[in-house]
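Written out below as structure tokens is the structure these notes cover.
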Amino acid sequence: MRRRSRAFALAGVFAALAAPATGVVPAADRIAGAIAEHNRESGRARRIGLDVALVGASGGVEATGQLWSDPRGFARLELLRPDGARERFLMRGGRFGASRDGERMPSPPALLPPLFLLQVDTESALRAALLALGGDPNQAVLGHTEREDCYVLGGRDIPDRASEPPRDRVAFWVDQETFEAVAIHLEDGVRFHLGPTEDHAGLRVPAWIDIDGPGRERLRLEIRAAEPVDAAPGAFDPSWLRSR
């Protein structure tokens, strides 16, 4: 009965925020609140671990590993390459670092998505997480992909002329009807496109995440398993990048 009550409450939130035909956009804080509610309903508002495979443009697996993500604004990714090289990527809010075999990578590829945006469970925490990444949590506009009509938290820049490319800005795209995450855009032009969610014993996460970056071929993180994790307090400490 409690689960059904939560479902009805969530449906009410979604209905109240449905975009009218006039294109009026709800306030950013209301959108953020609905996203946070959906994150709770999806079982993601806790520390999670994902088994992943990095797939290249040709379809071949380039590395396998594990991604951990924490709703407090932390994420880490460890990949093992076929040649035995071990790469680590760490994100703490808006700060990012990477290493290969314990040595700092000066120009690392952008492979670690800020999945904590899919985990934070309050409106204020979501807005704070977006701000830490460099986004404007007070901006919300409409956006469209090939398949979805979206709310874009953080806003987006529309060129004055068709010949002008859009400027990059931090933005979180969610489906207008379900409030499920669709894409995350970062200021350096990196874009994470999230696939449909799959259920892992009550934990719903994207089946895959496509990664686009300026001048780089598209890569995909396939998510092969997902479960809650109970990590040590130092699991997201910067020293993890240098440890062996």
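By convention in this document, the chains of the structure tokens carry letters A, B, ... by their order, each chain's residues are numbered from 1, and ligands are numbered from 1 in the order they are shown.
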Residues within 7 Å of range 115-132 of chain A, please, as a ChimeraX atom specification. Count only C-alpha atoms; anything in the same chain fewer than 3 positions from it doesn't count. /A:29,32-33,36-37,39-40,44-46,69-71,73-74,93-94,135-137,181
Produce a file of the selected residues containing all heavy atoms, as a CSV table (one decimal), in the first residue's frame.
```csv
chain,number,residue,atom,x,y,z
A,29,ASP,N,13.1,25.1,-9.8
A,29,ASP,CA,13.1,24.3,-8.6
A,29,ASP,C,12.0,23.3,-8.6
A,29,ASP,O,12.2,22.2,-8.0
A,29,ASP,CB,12.9,25.3,-7.4
A,29,ASP,CG,11.6,26.1,-7.5
A,29,ASP,OD1,11.0,26.2,-8.5
A,29,ASP,OD2,11.3,26.7,-6.4
A,32,ALA,N,13.5,20.4,-10.6
A,32,ALA,CA,14.5,19.7,-9.8
A,32,ALA,C,13.8,18.8,-8.7
A,32,ALA,O,14.3,17.7,-8.5
A,32,ALA,CB,15.4,20.7,-9.2
A,33,GLY,N,12.7,19.3,-8.1
A,33,GLY,CA,12.0,18.5,-7.1
A,33,GLY,C,11.4,17.3,-7.7
A,33,GLY,O,11.5,16.2,-7.1
A,36,ALA,N,14.2,14.8,-8.4
A,36,ALA,CA,14.7,14.2,-7.1
A,36,ALA,C,13.7,13.1,-6.6
A,36,ALA,O,14.1,12.0,-6.2
A,36,ALA,CB,14.9,15.2,-6.0
A,37,GLU,N,12.4,13.3,-6.8
A,37,GLU,CA,11.4,12.4,-6.4
A,37,GLU,C,11.5,11.1,-7.3
A,37,GLU,O,11.4,10.0,-6.8
A,37,GLU,CB,10.0,13.0,-6.6
A,37,GLU,CG,8.9,12.0,-6.2
A,37,GLU,CD,8.8,11.7,-4.8
A,37,GLU,OE1,9.4,12.4,-3.9
A,37,GLU,OE2,8.0,10.7,-4.4
A,39,ASN,N,14.3,10.1,-8.8
A,39,ASN,CA,15.5,9.4,-8.4
A,39,ASN,C,15.2,8.5,-7.2
A,39,ASN,O,15.7,7.3,-7.1
A,39,ASN,CB,16.6,10.4,-8.0
A,39,ASN,CG,17.2,11.1,-9.2
A,39,ASN,OD1,16.9,10.7,-10.3
A,39,ASN,ND2,17.9,12.2,-8.9
A,40,ARG,N,14.4,8.9,-6.2
A,40,ARG,CA,14.1,8.1,-5.1
A,40,ARG,C,13.3,6.9,-5.5
A,40,ARG,O,13.5,5.8,-5.0
A,40,ARG,CB,13.3,8.9,-4.0
A,40,ARG,CG,14.1,10.0,-3.3
A,40,ARG,CD,13.4,10.5,-2.1
A,40,ARG,NE,12.1,11.2,-2.4
A,40,ARG,CZ,12.0,12.5,-2.7
A,40,ARG,NH1,13.1,13.2,-2.7
A,40,ARG,NH2,10.9,13.0,-2.9
A,44,ARG,N,17.8,4.7,-6.7
A,44,ARG,CA,19.2,5.2,-7.0
A,44,ARG,C,19.7,6.1,-5.9
A,44,ARG,O,20.9,6.5,-6.0
A,44,ARG,CB,19.3,5.9,-8.3
A,44,ARG,CG,18.9,5.0,-9.5
A,44,ARG,CD,19.3,5.7,-10.8
A,44,ARG,NE,18.5,6.9,-11.1
A,44,ARG,CZ,17.5,7.0,-12.0
A,44,ARG,NH1,17.2,6.0,-12.7
A,44,ARG,NH2,16.9,8.1,-12.1
A,45,ALA,N,18.9,6.5,-4.9
A,45,ALA,CA,19.3,7.5,-4.0
A,45,ALA,C,20.2,6.8,-2.9
A,45,ALA,O,20.0,6.9,-1.7
A,45,ALA,CB,18.1,8.2,-3.3
A,46,ARG,N,21.3,6.1,-3.3
A,46,ARG,CA,22.2,5.5,-2.4
A,46,ARG,C,23.5,5.2,-3.2
A,46,ARG,O,23.5,5.3,-4.5
A,46,ARG,CB,21.6,4.2,-1.9
A,46,ARG,CG,21.0,3.3,-3.0
A,46,ARG,CD,20.3,2.1,-2.5
A,46,ARG,NE,19.6,1.4,-3.5
A,46,ARG,CZ,19.0,0.2,-3.4
A,46,ARG,NH1,19.2,-0.5,-2.2
A,46,ARG,NH2,18.3,-0.4,-4.3
A,69,SER,N,29.2,5.3,-7.9
A,69,SER,CA,28.6,6.7,-7.8
A,69,SER,C,27.9,6.9,-6.5
A,69,SER,O,27.2,6.0,-6.0
A,69,SER,CB,27.7,6.9,-9.0
A,69,SER,OG,27.3,8.2,-9.1
A,70,ASP,N,28.1,8.1,-6.0
A,70,ASP,CA,27.6,8.4,-4.6
A,70,ASP,C,26.7,9.7,-4.8
A,70,ASP,O,27.1,10.6,-5.4
A,70,ASP,CB,28.7,8.7,-3.7
A,70,ASP,CG,28.3,8.8,-2.2
A,70,ASP,OD1,27.5,9.7,-2.0
A,70,ASP,OD2,28.7,8.0,-1.4
A,71,PRO,N,25.5,9.6,-4.2
A,71,PRO,CA,24.6,10.8,-4.4
A,71,PRO,C,25.1,12.1,-3.7
A,71,PRO,O,24.6,13.2,-4.0
A,71,PRO,CB,23.3,10.4,-3.7
A,71,PRO,CG,23.7,9.2,-2.8
A,71,PRO,CD,24.8,8.5,-3.5
A,73,GLY,N,27.7,13.5,-4.6
A,73,GLY,CA,28.4,14.2,-5.7
A,73,GLY,C,29.8,13.6,-6.0
A,73,GLY,O,30.7,14.3,-6.5
A,74,PHE,N,30.0,12.3,-5.7
A,74,PHE,CA,31.2,11.7,-6.0
A,74,PHE,C,31.0,10.6,-7.0
A,74,PHE,O,29.9,9.9,-7.1
A,74,PHE,CB,31.8,11.0,-4.7
A,74,PHE,CG,31.9,11.9,-3.6
A,74,PHE,CD1,31.8,11.5,-2.3
A,74,PHE,CD2,32.3,13.3,-3.7
A,74,PHE,CE1,31.9,12.3,-1.2
A,74,PHE,CE2,32.4,14.1,-2.6
A,74,PHE,CZ,32.2,13.6,-1.4
A,93,GLY,N,32.2,16.4,-7.1
A,93,GLY,CA,31.6,17.6,-7.5
A,93,GLY,C,32.1,18.1,-8.9
A,93,GLY,O,32.0,17.4,-9.9
A,94,GLY,N,32.6,19.3,-8.9
A,94,GLY,CA,33.2,19.8,-10.2
A,94,GLY,C,34.6,19.5,-10.4
A,94,GLY,O,35.2,20.0,-11.4
A,135,GLY,N,26.9,24.4,-13.7
A,135,GLY,CA,25.7,24.8,-14.4
A,135,GLY,C,24.9,25.8,-13.6
A,135,GLY,O,25.2,26.1,-12.4
A,136,ASP,N,23.9,26.3,-14.2
A,136,ASP,CA,23.0,27.3,-13.6
A,136,ASP,C,21.7,26.7,-13.1
A,136,ASP,O,20.8,26.4,-14.0
A,136,ASP,CB,22.7,28.5,-14.5
A,136,ASP,CG,21.9,29.6,-13.9
A,136,ASP,OD1,21.4,29.4,-12.8
A,136,ASP,OD2,21.7,30.6,-14.6
A,137,PRO,N,21.5,26.4,-11.9
A,137,PRO,CA,20.3,25.6,-11.4
A,137,PRO,C,19.1,26.4,-11.5
A,137,PRO,O,18.0,25.9,-11.2
A,137,PRO,CB,20.7,25.2,-10.0
A,137,PRO,CG,21.6,26.3,-9.5
A,137,PRO,CD,22.4,26.7,-10.7
A,181,ALA,N,16.4,10.6,-16.8
A,181,ALA,CA,17.5,11.3,-17.4
A,181,ALA,C,17.7,10.9,-18.8
A,181,ALA,O,17.6,9.7,-19.2
A,181,ALA,CB,18.8,11.0,-16.6
```
Could you give me the residues within chain A that DSSP places in strand (DSSP E or B), as an MDAnalysis selection string? chainID A and resid 48:55 61:70 74:80 86:92 95:100 103:104 140:144 149:153 171:175 181:185 191:194 197:200 203:206 208:213 216:228
Mind checking which residues fall within 10 Å of Arg104 in chain A, counting only C-alpha atoms, ignoring those fewer than 5 positions away in the same chain, and posting them as a PyMOL selection string? chain A and resi 87-88+97-99+241-242
Quick one: DSSP alpha helix (DSSP H) residues in range 29-231 of chain A, as a PyMOL selection string? chain A and resi 29-41+123-132
With only C-alpha atoms as the atoms that count, which of A:Pro108, A:Pro114, A:Gly43, A:Gly195 lies nearest to Ala75 in chain A?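 Nearest to Ala75 in chain A: A:Pro114.
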Given only C-alpha atoms as the basis, pick out the residue of A:Pro238, A:Gly60, A:Pro206, A:Pro228 nearest to Arg95 in chain A.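 Closest candidate: A:Pro238.
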Shell of 8 Å around Asp51 in chain A, only C-alpha atoms, local chain residues under 2 positions omitted, as a PyMOL selection string: chain A and resi 49+53+64-67+223-226
Do you have the CA of Leu111 in chain A-CA of Gly155 in chain A distance handy?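 Answer for the CA of Leu111 in chain A to CA of Gly155 in chain A separation: 23.1 Å.
Between CA of Glu41 in chain A and CA of Arg204 in chain A lies a distance of 9.1 Å.
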Please report the interatomic distance between CA of Val174 in chain A and CA of Tyr151 in chain A in Å with one decimal.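 That distance, rounded to one decimal, is 5.5 Å.
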Which residues are close to Gly59 in chain A, i.e. within 12 Å by only C-alpha atoms, leaving aside same-chain residues fewer than 6 positions away? Reply as a PDB file with N, CA and C atoms, in the first residue's frame.
```pdb
ATOM      1  N   ALA A  53      31.459  -2.042 -19.456  1.00  0.00           N
ATOM      2  CA  ALA A  53      32.383  -2.333 -20.554  1.00  0.00           C
ATOM      3  C   ALA A  53      32.438  -1.100 -21.434  1.00  0.00           C
ATOM      4  N   GLU A 217      35.861  10.083 -31.398  1.00  0.00           N
ATOM      5  CA  GLU A 217      34.822   9.164 -31.808  1.00  0.00           C
ATOM      6  C   GLU A 217      33.905   8.845 -30.632  1.00  0.00           C
ATOM      7  N   ARG A 218      32.667   8.482 -30.957  1.00  0.00           N
ATOM      8  CA  ARG A 218      31.709   8.148 -29.901  1.00  0.00           C
ATOM      9  C   ARG A 218      32.097   6.827 -29.240  1.00  0.00           C
ATOM     10  N   LEU A 219      32.038   6.825 -27.910  1.00  0.00           N
ATOM     11  CA  LEU A 219      32.272   5.629 -27.127  1.00  0.00           C
ATOM     12  C   LEU A 219      30.999   5.297 -26.350  1.00  0.00           C
ATOM     13  N   ARG A 220      30.925   4.074 -25.878  1.00  0.00           N
ATOM     14  CA  ARG A 220      29.758   3.662 -25.096  1.00  0.00           C
ATOM     15  C   ARG A 220      30.203   2.911 -23.855  1.00  0.00           C
ATOM     16  N   LEU A 221      29.616   3.288 -22.729  1.00  0.00           N
ATOM     17  CA  LEU A 221      29.746   2.512 -21.504  1.00  0.00           C
ATOM     18  C   LEU A 221      28.516   1.619 -21.394  1.00  0.00           C
ATOM     19  N   GLU A 222      28.700   0.325 -21.583  1.00  0.00           N
ATOM     20  CA  GLU A 222      27.611  -0.616 -21.386  1.00  0.00           C
ATOM     21  C   GLU A 222      27.561  -1.009 -19.912  1.00  0.00           C
TER      22      GLU A 222
END
```
Nearest to His144 in chain A by atom-to-atom distance, counting only C-alpha atoms, from A:Asp230, A:Asp237, A:Asp175, A:Asp157: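 Of A:Asp230, A:Asp237, A:Asp175, A:Asp157, the one nearest His144 in chain A is A:Asp175, counting only C-alpha atoms.
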Within 6 Å of Phe192 in chain A, counting only C-alpha atoms, which residues show up once you throw out same-chain ones fewer than 3 positions away? Write them as a ChimeraX atom specification, please. /A:183-184,210-211
